[in-house]
Amino acid sequence: MFDDVKAEKLKDVFRAANTVNYSVVETTVGEGETATTETVLTITSIGKTKDELMDLYSLTARQCETVETLLENALTLSGASHSLAITNADVQSIINGLPNSLPQKRKDVVKNAGSLCW
């Protein structure tokens, strides 16, 4: 269940992963009695790189390898999450992208889960 505590954790992660800056500029439009003031708010969000985030969270070498594997397969994974149509090729792509250092038991779990899709 998504509650206030989890919402705060998500906000903390967002704040750690992004630098958010803003500026406010007020300008006067028109002259005399018809003059109005416009306020323009500009917000800029700059995300940290994966390497910066891995350093920030002190990931182990194994965790970094897992992140790299997930990112290499991001298109397959995100494509599968937008559609219920997961093909055998999608599953094979994920299985083939598993790191060599992953224990066989974990690979078997992925293969078994993939077998439910085809």
# chains A, B, ... in the order shown; residues from 1 in each chain; ligands from 1
$ select_by_dssp --residues "region 21-117 of chain A" --states "strand (DSSP E or B)" --output "VMD selection string"
chain A and resid 21 to 29 36 to 47
$ residues_around --residues "Thr66 (chain A)" --least-positions-apart "3" --cutoff "9 Å" --atoms "only C-alpha atoms" --output "NGL selection string"
:A and (61-63 or 69-71 or 98-99 or 102)
$ write_last_selection --atoms "N, CA and C atoms" --output "PDB file, in the first residue's frame"
ATOM      1  N   ALA A  61      29.866  -4.005  -6.539  1.00  0.00           N
ATOM      2  CA  ALA A  61      30.172  -4.330  -7.940  1.00  0.00           C
ATOM      3  C   ALA A  61      29.054  -5.186  -8.532  1.00  0.00           C
ATOM      4  N   ARG A  62      28.550  -6.102  -7.754  1.00  0.00           N
ATOM      5  CA  ARG A  62      27.477  -6.987  -8.242  1.00  0.00           C
ATOM      6  C   ARG A  62      26.192  -6.194  -8.507  1.00  0.00           C
ATOM      7  N   GLN A  63      25.875  -5.276  -7.612  1.00  0.00           N
ATOM      8  CA  GLN A  63      24.690  -4.446  -7.814  1.00  0.00           C
ATOM      9  C   GLN A  63      24.859  -3.562  -9.046  1.00  0.00           C
ATOM     10  N   THR A  69      22.924  -4.487 -16.513  1.00  0.00           N
ATOM     11  CA  THR A  69      22.142  -5.491 -17.244  1.00  0.00           C
ATOM     12  C   THR A  69      20.717  -5.005 -17.455  1.00  0.00           C
ATOM     13  N   LEU A  70      20.115  -4.449 -16.419  1.00  0.00           N
ATOM     14  CA  LEU A  70      18.752  -3.930 -16.554  1.00  0.00           C
ATOM     15  C   LEU A  70      18.692  -2.801 -17.579  1.00  0.00           C
ATOM     16  N   LEU A  71      19.682  -1.924 -17.559  1.00  0.00           N
ATOM     17  CA  LEU A  71      19.687  -0.811 -18.510  1.00  0.00           C
ATOM     18  C   LEU A  71      19.918  -1.297 -19.939  1.00  0.00           C
ATOM     19  N   LEU A  98      21.294 -11.917 -19.026  1.00  0.00           N
ATOM     20  CA  LEU A  98      21.632 -12.121 -17.619  1.00  0.00           C
ATOM     21  C   LEU A  98      23.144 -12.183 -17.454  1.00  0.00           C
ATOM     22  N   PRO A  99      23.659 -11.569 -16.394  1.00  0.00           N
ATOM     23  CA  PRO A  99      25.117 -11.575 -16.198  1.00  0.00           C
ATOM     24  C   PRO A  99      25.637 -12.985 -15.908  1.00  0.00           C
ATOM     25  N   LEU A 102      25.600 -14.255 -12.317  1.00  0.00           N
ATOM     26  CA  LEU A 102      24.341 -14.554 -11.637  1.00  0.00           C
ATOM     27  C   LEU A 102      24.267 -16.048 -11.336  1.00  0.00           C
TER      28      LEU A 102
END
$ atom_distance --atom1 "CA of Glu8 (chain A)" --atom2 "CA of Tyr22 (chain A)"
21.6 Å
$ residues_around --residues "region 55-57 of chain A" --least-positions-apart "3" --cutoff "9 Å" --atoms "only C-alpha atoms" --output "number ranges by chain"
A: 16-17, 50-52
$ atom_distance --atom1 "CA of Glu38 (chain A)" --atom2 "CA of Ser23 (chain A)"
13.7 Å
$ select_by_dssp --residues "region 8-65 of chain A" --states "alpha helix (DSSP H)" --output "list in words"
Glu8, Lys9, Leu10, Lys11, Asp12, Val13, Phe14, Arg15, Ala16, Ala17, Lys50, Asp51, Glu52, Leu53, Met54, Asp55, Leu56, Ala61, Arg62, Gln63, Cys64 and Glu65 of chain A
$ closest_residue --among "A:Asn21, A:Ser93, A:Thr39, A:Asn88" --to "Leu75 (chain A)" --atoms "only C-alpha atoms"
A:Ser93
$ residues_around --residues "Ser115 (chain A)" --least-positions-apart "2" --cutoff "12 Å" --atoms "only C-alpha atoms" --output "ChimeraX atom specification"
/A:86-92,95,108-113,117-118
$ atom_distance --atom1 "CA of Val25 (chain A)" --atom2 "CA of Thr42 (chain A)"
8.4 Å
$ residues_around --residues "Val20 (chain A)" --least-positions-apart "6" --cutoff "12 Å" --atoms "only C-alpha atoms" --output "ChimeraX atom specification"
/A:14,42-48
$ decode --residues "region 16-38 of chain A" --atoms "N, CA and C atoms" --output "short mmCIF file (atom, residue, chain, number, x, y, z; two decimals), in the first residue's frame"
data_model
loop_
_atom_site.label_atom_id
_atom_site.label_comp_id
_atom_site.auth_asym_id
_atom_site.auth_seq_id
_atom_site.Cartn_x
_atom_site.Cartn_y
_atom_site.Cartn_z
N ALA A 16 17.45 13.11 -4.37
CA ALA A 16 18.84 12.65 -4.44
C ALA A 16 19.27 12.45 -5.89
N ALA A 17 18.34 12.04 -6.75
CA ALA A 17 18.66 11.70 -8.13
C ALA A 17 18.61 12.89 -9.08
N ASN A 18 18.08 14.01 -8.61
CA ASN A 18 17.89 15.16 -9.50
C ASN A 18 18.27 16.45 -8.80
N THR A 19 18.77 17.38 -9.58
CA THR A 19 19.00 18.73 -9.10
C THR A 19 17.92 19.60 -9.72
N VAL A 20 17.15 20.25 -8.86
CA VAL A 20 16.05 21.08 -9.35
C VAL A 20 16.37 22.53 -9.01
N ASN A 21 16.35 23.36 -10.04
CA ASN A 21 16.57 24.80 -9.88
C ASN A 21 15.38 25.54 -10.44
N TYR A 22 15.19 26.75 -9.94
CA TYR A 22 14.11 27.55 -10.48
C TYR A 22 14.51 29.02 -10.48
N SER A 23 13.83 29.78 -11.31
CA SER A 23 14.02 31.22 -11.33
C SER A 23 12.65 31.87 -11.55
N VAL A 24 12.50 33.05 -10.99
CA VAL A 24 11.26 33.81 -11.15
C VAL A 24 11.63 35.15 -11.75
N VAL A 25 10.98 35.49 -12.86
CA VAL A 25 11.23 36.77 -13.52
C VAL A 25 9.90 37.49 -13.65
N GLU A 26 9.88 38.71 -13.16
CA GLU A 26 8.68 39.53 -13.31
C GLU A 26 8.95 40.58 -14.37
N THR A 27 8.00 40.74 -15.28
CA THR A 27 8.12 41.75 -16.32
C THR A 27 6.84 42.55 -16.38
N THR A 28 7.00 43.79 -16.77
CA THR A 28 5.85 44.66 -16.93
C THR A 28 5.48 44.70 -18.40
N VAL A 29 4.21 44.48 -18.67
CA VAL A 29 3.71 44.48 -20.03
C VAL A 29 2.78 45.68 -20.17
N GLY A 30 3.04 46.48 -21.18
CA GLY A 30 2.20 47.66 -21.40
C GLY A 30 2.74 48.86 -20.64
N GLU A 31 1.99 49.96 -20.76
CA GLU A 31 2.42 51.20 -20.10
C GLU A 31 1.23 51.86 -19.44
N GLY A 32 1.54 52.70 -18.49
CA GLY A 32 0.49 53.50 -17.86
C GLY A 32 -0.51 52.67 -17.08
N GLU A 33 -1.79 53.10 -17.20
CA GLU A 33 -2.85 52.44 -16.43
C GLU A 33 -3.14 51.02 -16.89
N THR A 34 -2.78 50.69 -18.10
CA THR A 34 -3.07 49.34 -18.62
C THR A 34 -1.90 48.37 -18.41
N ALA A 35 -0.85 48.88 -17.77
CA ALA A 35 0.31 48.03 -17.54
C ALA A 35 -0.04 46.89 -16.58
N THR A 36 0.47 45.72 -16.90
CA THR A 36 0.28 44.57 -16.02
C THR A 36 1.64 43.93 -15.77
N THR A 37 1.72 43.21 -14.69
CA THR A 37 2.96 42.51 -14.36
C THR A 37 2.74 41.03 -14.58
N GLU A 38 3.65 40.44 -15.35
CA GLU A 38 3.62 39.00 -15.58
C GLU A 38 4.76 38.36 -14.81
#
